[in-house]
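Q: For reference, this is entry27.pdb, and it has PDB, C-alpha atoms.
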MODEL        1
ATOM      1  CA  MET A   1      36.290  21.011   9.798
ATOM      2  CA  SER A   2      32.705  20.941   8.605
ATOM      3  CA  GLU A   3      29.985  18.809  10.199
ATOM      4  CA  GLU A   4      29.712  16.854   6.928
ATOM      5  CA  LEU A   5      33.382  15.861   7.083
ATOM      6  CA  ASP A   6      33.202  15.084  10.788
ATOM      7  CA  GLU A   7      30.196  12.822  10.339
ATOM      8  CA  PRO A   8      31.004   9.098  10.488
ATOM      9  CA  THR A   9      31.178   7.357   7.118
ATOM     10  CA  PRO A  10      28.207   5.047   7.902
ATOM     11  CA  GLY A  11      25.999   8.142   8.260
ATOM     12  CA  ARG A  12      27.049   9.484   4.872
ATOM     13  CA  THR A  13      26.654   6.053   3.326
ATOM     14  CA  GLU A  14      23.123   5.696   4.664
ATOM     15  CA  ARG A  15      22.185   9.149   3.356
ATOM     16  CA  LYS A  16      23.472   8.231  -0.092
ATOM     17  CA  ARG A  17      21.594   4.946   0.016
ATOM     18  CA  GLN A  18      18.357   6.705   0.904
ATOM     19  CA  ALA A  19      18.923   9.278  -1.831
ATOM     20  CA  ILE A  20      19.335   6.447  -4.335
ATOM     21  CA  LEU A  21      16.157   4.724  -3.107
ATOM     22  CA  ASP A  22      14.171   7.982  -3.316
ATOM     23  CA  ALA A  23      15.464   8.786  -6.792
ATOM     24  CA  ALA A  24      14.881   5.263  -8.088
ATOM     25  CA  THR A  25      11.366   5.143  -6.652
ATOM     26  CA  GLU A  26      10.453   8.384  -8.406
ATOM     27  CA  LEU A  27      11.910   7.189 -11.710
ATOM     28  CA  PHE A  28      10.376   3.698 -11.530
ATOM     29  CA  LEU A  29       6.953   5.150 -10.798
ATOM     30  CA  ARG A  30       7.261   7.626 -13.650
ATOM     31  CA  ASN A  31       9.045   5.562 -16.309
ATOM     32  CA  GLY A  32       8.542   1.944 -15.234
ATOM     33  CA  PHE A  33      11.236  -0.638 -14.539
ATOM     34  CA  ARG A  34      12.402  -1.059 -18.132
ATOM     35  CA  GLY A  35      12.272   2.666 -18.825
ATOM     36  CA  THR A  36      14.643   3.536 -15.980
ATOM     37  CA  SER A  37      18.429   3.303 -16.207
ATOM     38  CA  MET A  38      20.999   3.202 -13.438
ATOM     39  CA  ASP A  39      22.625   6.276 -15.006
ATOM     40  CA  GLU A  40      19.389   8.205 -14.501
ATOM     41  CA  VAL A  41      19.141   7.002 -10.907
ATOM     42  CA  ALA A  42      22.694   8.123 -10.178
ATOM     43  CA  THR A  43      22.127  11.541 -11.735
ATOM     44  CA  ARG A  44      18.898  12.193  -9.861
ATOM     45  CA  ALA A  45      20.366  10.947  -6.581
ATOM     46  CA  GLY A  46      23.450  13.132  -6.994
ATOM     47  CA  VAL A  47      25.882  10.237  -6.664
ATOM     48  CA  SER A  48      28.204   8.358  -8.993
ATOM     49  CA  LYS A  49      27.039   5.350 -10.955
ATOM     50  CA  GLN A  50      29.713   3.366  -9.129
ATOM     51  CA  THR A  51      28.076   4.267  -5.800
ATOM     52  CA  VAL A  52      24.698   3.034  -7.029
ATOM     53  CA  TYR A  53      26.149  -0.318  -8.090
ATOM     54  CA  LYS A  54      28.127  -0.605  -4.853
ATOM     55  CA  GLN A  55      24.930  -0.225  -2.848
ATOM     56  CA  PHE A  56      22.538  -2.308  -4.960
ATOM     57  CA  THR A  57      24.562  -4.505  -7.400
ATOM     58  CA  ASP A  58      22.084  -4.048 -10.279
ATOM     59  CA  LYS A  59      18.745  -2.525 -11.241
ATOM     60  CA  GLU A  60      16.798  -5.629 -10.263
ATOM     61  CA  ARG A  61      18.238  -5.579  -6.744
ATOM     62  CA  LEU A  62      17.386  -1.890  -6.446
ATOM     63  CA  PHE A  63      13.816  -2.510  -7.593
ATOM     64  CA  ARG A  64      13.448  -5.415  -5.178
ATOM     65  CA  ASP A  65      14.672  -3.369  -2.231
ATOM     66  CA  ILE A  66      12.157  -0.620  -2.978
ATOM     67  CA  VAL A  67       9.169  -2.972  -3.271
ATOM     68  CA  GLU A  68      10.188  -5.037  -0.251
ATOM     69  CA  GLY A  69      10.651  -1.853   1.777
ATOM     70  CA  VAL A  70       7.188  -0.580   0.873
ATOM     71  CA  ALA A  71       5.614  -3.956   1.628
ATOM     72  CA  SER A  72       7.258  -4.189   5.047
ATOM     73  CA  ASN A  73       6.142  -0.673   5.969
ATOM     74  CA  SER A  74       2.410  -1.376   5.643
ATOM     75  CA  GLU A  75       2.009  -1.476   9.438
ATOM     76  CA  ALA A  76       0.917   2.172   9.584
ATOM     77  CA  VAL A  77      -2.072   1.565   7.297
ATOM     78  CA  ILE A  78      -2.968  -1.634   9.144
ATOM     79  CA  SER A  79      -2.827   0.195  12.466
ATOM     80  CA  THR A  80      -5.119   2.957  11.182
ATOM     81  CA  LEU A  81      -7.511   0.361   9.798
ATOM     82  CA  THR A  82      -7.635  -1.447  13.143
ATOM     83  CA  SER A  83      -8.161   1.802  15.046
ATOM     84  CA  ALA A  84     -11.155   2.652  12.853
ATOM     85  CA  PHE A  85     -13.005  -0.315  14.351
ATOM     86  CA  GLY A  86     -12.757   1.370  17.766
ATOM     87  CA  ASP A  87     -11.576   0.205  21.168
ATOM     88  CA  SER A  88     -14.830  -1.598  21.969
ATOM     89  CA  ALA A  89     -17.291  -3.450  19.755
ATOM     90  CA  ALA A  90     -20.531  -1.829  18.632
ATOM     91  CA  THR A  91     -23.599  -3.376  20.272
ATOM     92  CA  SER A  92     -26.243  -2.999  17.544
ATOM     93  CA  SER A  93     -26.497  -3.465  13.793
ATOM     94  CA  ARG A  94     -26.934   0.277  13.290
ATOM     95  CA  ALA A  95     -23.881   1.068  15.408
ATOM     96  CA  LEU A  96     -21.903  -1.555  13.515
ATOM     97  CA  GLU A  97     -22.913   0.008  10.207
ATOM     98  CA  MET A  98     -21.721   3.416  11.425
ATOM     99  CA  ARG A  99     -18.438   1.858  12.518
ATOM    100  CA  LEU A 100     -17.975   0.173   9.157
ATOM    101  CA  ARG A 101     -18.468   3.493   7.393
ATOM    102  CA  LYS A 102     -15.364   4.777   9.177
ATOM    103  CA  VAL A 103     -13.411   1.654   8.284
ATOM    104  CA  ALA A 104     -14.415   1.890   4.628
ATOM    105  CA  LEU A 105     -13.349   5.531   4.518
ATOM    106  CA  VAL A 106      -9.947   4.670   6.000
ATOM    107  CA  TYR A 107      -9.590   1.978   3.357
ATOM    108  CA  LEU A 108     -10.421   4.402   0.564
ATOM    109  CA  ASP A 109      -8.099   7.141   1.768
ATOM    110  CA  ALA A 110      -5.194   4.712   2.194
ATOM    111  CA  VAL A 111      -5.506   2.891  -1.116
ATOM    112  CA  LEU A 112      -6.410   5.948  -3.219
ATOM    113  CA  ASN A 113      -3.205   7.712  -2.193
ATOM    114  CA  PRO A 114      -1.644   8.672  -5.564
ATOM    115  CA  ARG A 115       1.740   7.198  -4.649
ATOM    116  CA  VAL A 116       0.146   3.937  -3.532
ATOM    117  CA  LEU A 117      -1.819   3.752  -6.783
ATOM    118  CA  SER A 118       1.327   4.365  -8.835
ATOM    119  CA  LEU A 119       3.237   1.665  -6.985
ATOM    120  CA  ARG A 120       0.356  -0.780  -7.361
ATOM    121  CA  ARG A 121       0.260  -0.203 -11.130
ATOM    122  CA  LEU A 122       4.028  -0.611 -11.339
ATOM    123  CA  ILE A 123       4.005  -3.924  -9.463
ATOM    124  CA  ILE A 124       1.109  -5.235 -11.540
ATOM    125  CA  ALA A 125       2.994  -4.282 -14.713
ATOM    126  CA  GLU A 126       6.081  -6.190 -13.522
ATOM    127  CA  ALA A 127       4.235  -9.139 -11.933
ATOM    128  CA  ASP A 128       5.266 -11.560 -14.686
ATOM    129  CA  ALA A 129       8.935 -10.636 -14.339
ATOM    130  CA  PHE A 130       8.888 -10.504 -10.528
ATOM    131  CA  PRO A 131       6.138 -12.902  -9.361
ATOM    132  CA  ASP A 132       7.647 -13.314  -5.904
ATOM    133  CA  LEU A 133       7.692  -9.551  -5.372
ATOM    134  CA  ALA A 134       4.104  -9.230  -6.538
ATOM    135  CA  ARG A 135       3.077 -11.971  -4.121
ATOM    136  CA  SER A 136       5.006 -10.362  -1.262
ATOM    137  CA  TYR A 137       3.397  -6.979  -1.933
ATOM    138  CA  TYR A 138      -0.054  -8.563  -2.002
ATOM    139  CA  ASP A 139       0.537 -10.536   1.202
ATOM    140  CA  TYR A 140       1.801  -7.508   3.149
ATOM    141  CA  GLY A 141      -0.646  -5.033   1.622
ATOM    142  CA  PRO A 142      -4.111  -6.046   0.341
ATOM    143  CA  GLY A 143      -3.906  -9.528   1.845
ATOM    144  CA  GLN A 144      -2.964  -8.313   5.284
ATOM    145  CA  GLY A 145      -5.696  -5.682   5.150
ATOM    146  CA  VAL A 146      -8.329  -8.344   4.531
ATOM    147  CA  GLU A 147      -6.900 -10.492   7.317
ATOM    148  CA  VAL A 148      -7.090  -7.613   9.812
ATOM    149  CA  VAL A 149     -10.687  -6.845   8.844
ATOM    150  CA  ALA A 150     -11.554 -10.529   9.329
ATOM    151  CA  GLN A 151     -10.076 -10.444  12.840
ATOM    152  CA  CYS A 152     -11.937  -7.230  13.692
ATOM    153  CA  LEU A 153     -15.234  -8.661  12.440
ATOM    154  CA  GLN A 154     -14.917 -11.793  14.572
ATOM    155  CA  PRO A 155     -16.351 -10.242  17.782
ATOM    156  CA  TYR A 156     -19.498  -9.297  15.860
ATOM    157  CA  ILE A 157     -19.768 -12.815  14.491
ATOM    158  CA  ASP A 158     -19.343 -14.240  17.992
ATOM    159  CA  ALA A 159     -21.958 -11.846  19.355
ATOM    160  CA  GLY A 160     -24.476 -12.826  16.682
ATOM    161  CA  LEU A 161     -24.657  -9.419  14.975
ATOM    162  CA  LEU A 162     -23.203 -10.931  11.824
ATOM    163  CA  VAL A 163     -23.969 -14.333  10.322
ATOM    164  CA  VAL A 164     -20.747 -15.420   8.636
ATOM    165  CA  ASN A 165     -19.437 -18.852   7.680
ATOM    166  CA  GLU A 166     -16.036 -17.713   6.382
ATOM    167  CA  SER A 167     -14.756 -14.595   8.107
ATOM    168  CA  ARG A 168     -11.932 -13.958   5.642
ATOM    169  CA  LEU A 169     -14.286 -14.235   2.665
ATOM    170  CA  ALA A 170     -16.702 -11.825   4.353
ATOM    171  CA  ALA A 171     -13.801  -9.441   5.015
ATOM    172  CA  ALA A 172     -12.807  -9.635   1.347
ATOM    173  CA  HIS A 173     -16.395  -8.836   0.359
ATOM    174  CA  PHE A 174     -16.297  -5.776   2.612
ATOM    175  CA  ALA A 175     -12.959  -4.657   1.184
ATOM    176  CA  TYR A 176     -14.244  -4.868  -2.380
ATOM    177  CA  LEU A 177     -17.497  -3.139  -1.486
ATOM    178  CA  ALA A 178     -15.454  -0.290  -0.017
ATOM    179  CA  LEU A 179     -12.710  -0.087  -2.631
ATOM    180  CA  GLY A 180     -14.000  -1.714  -5.808
ATOM    181  CA  PRO A 181     -15.752   1.104  -7.696
ATOM    182  CA  ALA A 182     -13.201   3.823  -6.903
ATOM    183  CA  LEU A 183     -10.095   1.646  -7.222
ATOM    184  CA  ASP A 184     -11.145   0.133 -10.530
ATOM    185  CA  ARG A 185     -11.622   3.613 -11.963
ATOM    186  CA  ALA A 186      -8.411   4.976 -10.425
ATOM    187  CA  GLN A 187      -6.304   2.196 -11.937
ATOM    188  CA  PHE A 188      -7.200   3.480 -15.400
ATOM    189  CA  MET A 189      -7.703   7.176 -14.617
ATOM    190  CA  PRO A 190      -5.331   8.045 -11.752
ATOM    191  CA  ASP A 191      -6.161  11.751 -11.915
ATOM    192  CA  ASP A 192      -9.893  11.154 -11.544
ATOM    193  CA  LEU A 193     -10.136  10.393  -7.827
ATOM    194  CA  PRO A 194     -13.342  10.754  -5.784
ATOM    195  CA  ASP A 195     -13.573  13.845  -3.615
ATOM    196  CA  SER A 196     -14.395  13.793   0.094
ATOM    197  CA  ALA A 197     -18.166  13.810  -0.414
ATOM    198  CA  GLU A 198     -18.006  10.945  -2.908
ATOM    199  CA  ARG A 199     -15.788   8.917  -0.577
ATOM    200  CA  GLN A 200     -18.304   9.409   2.203
ATOM    201  CA  ARG A 201     -21.075   8.211  -0.103
ATOM    202  CA  LEU A 202     -19.115   5.158  -1.202
ATOM    203  CA  SER A 203     -18.227   4.303   2.396
ATOM    204  CA  ALA A 204     -21.843   4.569   3.540
ATOM    205  CA  ALA A 205     -23.040   2.408   0.642
ATOM    206  CA  ALA A 206     -20.385  -0.250   1.351
ATOM    207  CA  ALA A 207     -21.286  -0.444   5.054
ATOM    208  CA  ALA A 208     -25.021  -0.626   4.345
ATOM    209  CA  ALA A 209     -24.605  -3.345   1.728
ATOM    210  CA  PHE A 210     -22.352  -5.407   3.983
ATOM    211  CA  VAL A 211     -24.710  -5.253   6.975
ATOM    212  CA  ALA A 212     -27.676  -6.024   4.724
ATOM    213  CA  ALA A 213     -25.885  -9.111   3.402
ATOM    214  CA  TYR A 214     -24.374 -10.419   6.638
ATOM    215  CA  GLY A 215     -26.463  -8.836   9.390
ATOM    216  CA  ALA A 216     -28.388 -11.182  11.684
TER     217      ALA A 216
ENDMDL
END
Using structure tokens, write down the structure that the file contains.
A:
Amino acid sequence: MSEELDEPTPGRTERKRQAILDAATELFLRNGFRGTSMDEVATRAGVSKQTVYKQFTDKERLFRDIVEGVASNSEAVISTLTSAFGDSAATSSRALEMRLRKVALVYLDAVLNPRVLSLRRLIIAEADAFPDLARSYYDYGPGQGVEVVAQCLQPYIDAGLLVVNESRLAAAHFAYLALGPALDRAQFMPDDLPDSAERQRLSAAAAAAFVAAYGA
């Protein structure tokens, strides 16, 4: 008897479920929510339409599971962002600026990932139909990123290297300094992403502007 037939049913079921999620994600990103049918999902996943409905009930439930799964898996980006601040705090304004360059670059590389950009555009397009999903994605993605930056900036505020009244607002300013120009362009022209040299330039400019605005 083959390994496939010997494998417990839950294992096969989970593989089918993941195949459906992968296929649906690809189709939603390419065609949008309204432009994707459950028949197309079943065909691309290599399963029956009945199997798709058994796993996810309807297209809305499938879409929700994909967005909620992406939102809950943002820990990897947050961890990388935190690590970019280093294990110990910088002790001078210049050292802090150099540290913030690294953080800004991590931000850019994470958010300018083509798949992340596609998902962001998809969620924005469906925000009116799924406001709770849009809010959840924001809270676990961009919102959590700003919150982590605020926490990482706090030691510099306490040490007097930064003069900040609202740490979360300052963190949001940093995030937009780092991401704003490139992200705004990428939302409209997803194939026109900055190369490595341009990302370095944008990161350096963001760090310098932030320290100039908030430095003691």
Q: With a distance cut-off of 7 Å and only C-alpha atoms, select the neighbouring residues of range 90-93 of chain A, excluding the residue or stretch itself and same-chain residues fewer than 2 positions from it, and output the selection as a list in words.
A: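 The contact residues come out as Ser88, Ala95, Leu96, Glu97, Leu161 and Gly215 of chain A.
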Q: Given all atoms listed in the file as the basis, pick out the residue of A:Arg115, A:Arg120, A:Arg94, A:Thr82 nearest to Ala204 in chain A.
A: A:Arg94
Q: Apply the PyMOL selection byres ((chain A and resi 175-191) around 8) to the displayed file and report the matching residues as a ChimeraX atom specification.
A: /A:104-105,107-108,111-112,114,117,121,146,171-174,192-194,202-203,206-207,209-210
Q: Could you give me, as a PyMOL selection string, the residues that have an atom at most 12 Å away from the point (22.9, 7.2, 1.5) in the coordinates of the file, using all atoms listed in the file?
A: chain A and resi 9-23+42+45-48+51-52+54-56
Q: I'd like to know which of A:Pro155, A:Ser83, A:Asp195, A:Leu119 is closest to Gly32 in chain A, using all atoms listed in the file.
A: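 Of A:Pro155, A:Ser83, A:Asp195, A:Leu119, the one nearest Gly32 in chain A, counting all atoms listed in the file, is A:Leu119.
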Q: Would you mind reading off the distance between CA of Val41 in chain A and CA of Ala24 in chain A, one decimal, in Å?
A: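 It comes out at 5.4 Å.
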Q: Which residue gives the smallest distance to Val103 in chain A among A:Leu153, A:Ala129, A:Leu122, A:Val70, with all atoms listed in the file counted?
A: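 The shortest atom-to-atom distance to Val103 in chain A comes from A:Leu153.
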Q: Counting only C-alpha atoms, figure out which residue out of A:Ala170, A:Arg201, A:Phe85, A:Phe33 gets nearest to Arg61 in chain A.
A: A:Phe33
Q: What is the distance, in Å and to one decimal place, between CA of Asp39 in chain A and CA of Gly69 in chain A?
A: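 Interatomic distance here is 22.2 Å.
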Q: What separation in Å, quoted to one decimal, exists between CA of Phe63 in chain A and CA of Gly35 in chain A?
A: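 These two atoms are separated by 12.5 Å.
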Q: To verify the selection step, state as a list in words which residues the PyMOL selection byres ((chain A and resi 140) around 10) yields on this input.
A: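 Listing what the PyMOL selection byres ((chain A and resi 140) around 10) selects in the shown file: Glu68, Val70, Ala71, Ser72, Asn73, Ser74, Glu75, Ile78, Arg135, Ser136, Tyr137, Tyr138, Asp139, Gly141, Pro142, Gly143, Gln144 and Gly145 of chain A.
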Q: I'd like to know which of A:Ala216, A:Leu29, A:Leu81, A:Arg34 is closest to Glu60 in chain A, using only C-alpha atoms.
A: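 The answer is A:Arg34, which sits nearest to Glu60 in chain A.
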Q: Quick one: 5 Å padding each side, axis-aligned, all listed atoms of range 28-33 of chain A - centre and edge lengths in Å to one decimal, as AutoDock Vina command-line options?
A:
--center_x 9.1 --center_y 3.5 --center_z -13.6 --size_x 14.3 --size_y 18.3 --size_z 15.5
Q: From the set A:Asn31, A:Arg99, A:Thr36, A:Thr80, which residue has the shortest atom-to-atom contact distance to Ser118 in chain A, counting all atoms listed in the file?
A: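 Between A:Asn31, A:Arg99, A:Thr36, A:Thr80, the residue approaching Ser118 in chain A most closely is A:Asn31.
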